[in-house]
Amino acid sequence: MPKRCGHLAGKKVIPTTEMVAKIKAACDARRDPDFVIIARTDAIAVEGLDAALERGERYREAGADMLFIEAPVGRAEVERVAKHFKGVALLYNMAASGKTPDLPADELGKIGFKLAIYPNWVILAAIPAMQNLLAELKKTGSIAHMRDKVATFKQFTEVAGLPEIQELEKRYGVPDDQRAGL
């Protein structure tokens, strides 16, 4: 049997009937037909895969547009989820925990997943770069030789959206001395 514990051990899930009621309420409250209701269950970690599949069935019957069966362990469980919900829109969580296998997006699509998310991966990639830069600063007292390995300040302000903020401030008459700037 695959391992079910980890850094989020002790996790709990609400009763299926309560979640079904929440999904029905969300469906009733929906005003935009393009608004997608994604129902997530973490039941695999708490109650096992069979219970998670059962919950998914109830959530779909309640009106969920997409199912998010969290943390199938190993490829066999991933394929079992996809086969069980063939034709149903499924979300795949490419979590950094390593429990759910790292499968390429095209492969996920082939087995039935419509959406894949990659939570925390950008920050996880950034942490070693930050640590390396700080270690170099501590070791040598300078980061000048690392300038070509980092974003420019202009790139930073563009990613942060400063040009758009400045344009909006100009358009809406924010006084020059109160505008965002450097």
# chains A, B, ... in the order shown; residues from 1 in each chain; ligands from 1
>>> residues_around(residues="region 92-106 of chain A", least_positions_apart="5", cutoff="7 Å", atoms="only C-alpha atoms", output="PyMOL selection string")
chain A and resi 68+70-75+113+115-119
>>> select_by_dssp(residues="region 62-132 of chain A", states="strand (DSSP E)", output="mmCIF file with N, CA and C atoms, in the first residue's frame")
data_model
loop_
_atom_site.group_PDB
_atom_site.id
_atom_site.type_symbol
_atom_site.label_atom_id
_atom_site.label_comp_id
_atom_site.auth_asym_id
_atom_site.auth_seq_id
_atom_site.Cartn_x
_atom_site.Cartn_y
_atom_site.Cartn_z
ATOM 1 N N MET A 66 -15.272 20.385 -12.611
ATOM 2 C CA MET A 66 -13.960 19.748 -12.672
ATOM 3 C C MET A 66 -13.679 19.130 -11.312
ATOM 4 N N LEU A 67 -12.981 17.999 -11.323
ATOM 5 C CA LEU A 67 -12.620 17.318 -10.078
ATOM 6 C C LEU A 67 -11.118 17.412 -9.844
ATOM 7 N N PHE A 68 -10.785 17.607 -8.589
ATOM 8 C CA PHE A 68 -9.396 17.697 -8.145
ATOM 9 C C PHE A 68 -9.237 16.643 -7.053
ATOM 10 N N ILE A 69 -8.811 15.455 -7.476
ATOM 11 C CA ILE A 69 -8.565 14.357 -6.549
ATOM 12 C C ILE A 69 -7.104 14.485 -6.129
ATOM 13 N N ALA A 89 -13.747 16.391 -16.606
ATOM 14 C CA ALA A 89 -12.607 17.304 -16.506
ATOM 15 C C ALA A 89 -11.904 17.085 -15.162
ATOM 16 N N LEU A 90 -10.602 16.824 -15.231
ATOM 17 C CA LEU A 90 -9.806 16.548 -14.034
ATOM 18 C C LEU A 90 -8.646 17.529 -13.925
ATOM 19 N N LEU A 91 -8.309 17.894 -12.682
ATOM 20 C CA LEU A 91 -7.176 18.765 -12.395
ATOM 21 C C LEU A 91 -6.055 17.916 -11.808
ATOM 22 N N TYR A 92 -4.836 18.173 -12.240
ATOM 23 C CA TYR A 92 -3.656 17.455 -11.751
ATOM 24 C C TYR A 92 -2.771 18.436 -11.002
ATOM 25 N N ASN A 93 -2.425 18.096 -9.782
ATOM 26 C CA ASN A 93 -1.583 18.943 -8.948
ATOM 27 C C ASN A 93 -0.157 18.400 -8.954
ATOM 28 N N PHE A 113 -6.440 14.243 -18.019
ATOM 29 C CA PHE A 113 -6.430 15.460 -17.203
ATOM 30 C C PHE A 113 -6.516 16.687 -18.106
ATOM 31 N N LYS A 114 -7.366 17.633 -17.714
ATOM 32 C CA LYS A 114 -7.600 18.828 -18.530
ATOM 33 C C LYS A 114 -6.802 20.034 -18.060
ATOM 34 N N LEU A 115 -6.379 20.015 -16.795
ATOM 35 C CA LEU A 115 -5.672 21.155 -16.217
ATOM 36 C C LEU A 115 -4.607 20.635 -15.270
ATOM 37 N N ALA A 116 -3.408 21.203 -15.357
ATOM 38 C CA ALA A 116 -2.335 20.863 -14.421
ATOM 39 C C ALA A 116 -1.873 22.150 -13.753
ATOM 40 N N ILE A 117 -1.671 22.079 -12.448
ATOM 41 C CA ILE A 117 -1.141 23.224 -11.723
ATOM 42 C C ILE A 117 0.221 22.848 -11.154
#
>>> select_by_dssp(residues="region 66-170 of chain A", states="helix (DSSP H, G or I)", output="PyMOL selection string")
chain A and resi 74-84+105-111+121-140+144-149+153-159+162-170
>>> atom_distance(atom1="CA of Glu107 (chain A)", atom2="CA of Ala39 (chain A)")
22.5 Å
>>> atom_distance(atom1="CA of Lys83 (chain A)", atom2="CA of Thr17 (chain A)")
24.3 Å
>>> closest_atom_pairs(of="region 58-90 of chain A", to="region 25-29 of chain A", cutoff="9 Å", atoms="only C-alpha atoms", output="JSON lines")
{"residue": "A:Ala62", "atom": "CA", "partner": "A:Cys27", "partner_atom": "CA", "distance": 8.4}
{"residue": "A:Gly63", "atom": "CA", "partner": "A:Cys27", "partner_atom": "CA", "distance": 6.5}
{"residue": "A:Ala64", "atom": "CA", "partner": "A:Cys27", "partner_atom": "CA", "distance": 7.6}
>>> closest_residue(among="A:Tyr59, A:Thr157, A:Arg40, A:Val122", to="Ala21 (chain A)", atoms="only C-alpha atoms")
A:Tyr59
>>> closest_residue(among="A:Asp65, A:Asp50, A:Lys11, A:Trp121", to="Glu77 (chain A)", atoms="only C-alpha atoms")
A:Asp50
>>> residues_around(residues="Pro163 (chain A)", least_positions_apart="6", cutoff="12 Å", atoms="only C-alpha atoms", output="NGL selection string")
:A and (154-157 or 169-170 or 179-182)
>>> decode(residues="region 39-68 of chain A", atoms="C-alpha atoms", output="short mmCIF file (atom, residue, chain, number, x, y, z; two decimals), in the first residue's frame")
data_model
loop_
_atom_site.label_atom_id
_atom_site.label_comp_id
_atom_site.auth_asym_id
_atom_site.auth_seq_id
_atom_site.Cartn_x
_atom_site.Cartn_y
_atom_site.Cartn_z
CA ALA A 39 -14.24 20.38 -6.37
CA ARG A 40 -11.19 19.20 -4.45
CA THR A 41 -10.90 16.26 -2.14
CA ASP A 42 -7.95 15.33 0.04
CA ALA A 43 -9.61 12.06 1.00
CA ILE A 44 -6.81 9.87 -0.38
CA ALA A 45 -4.54 10.90 2.50
CA VAL A 46 -7.26 10.40 5.10
CA GLU A 47 -9.63 7.69 3.87
CA GLY A 48 -7.87 6.10 0.90
CA LEU A 49 -8.31 6.12 -2.87
CA ASP A 50 -11.67 4.33 -2.99
CA ALA A 51 -13.22 6.92 -0.68
CA ALA A 52 -11.72 9.74 -2.76
CA LEU A 53 -13.22 8.27 -5.94
CA GLU A 54 -16.61 7.95 -4.23
CA ARG A 55 -16.41 11.57 -3.10
CA GLY A 56 -15.51 12.62 -6.63
CA GLU A 57 -18.61 10.87 -7.95
CA ARG A 58 -20.81 12.69 -5.42
CA TYR A 59 -19.16 16.03 -6.23
CA ARG A 60 -19.71 15.54 -9.95
CA GLU A 61 -23.38 14.64 -9.34
CA ALA A 62 -23.70 17.82 -7.26
CA GLY A 63 -22.62 19.89 -10.28
CA ALA A 64 -18.86 20.34 -10.05
CA ASP A 65 -17.39 21.13 -13.47
CA MET A 66 -13.96 19.75 -12.67
CA LEU A 67 -12.62 17.32 -10.08
CA PHE A 68 -9.40 17.70 -8.15
#
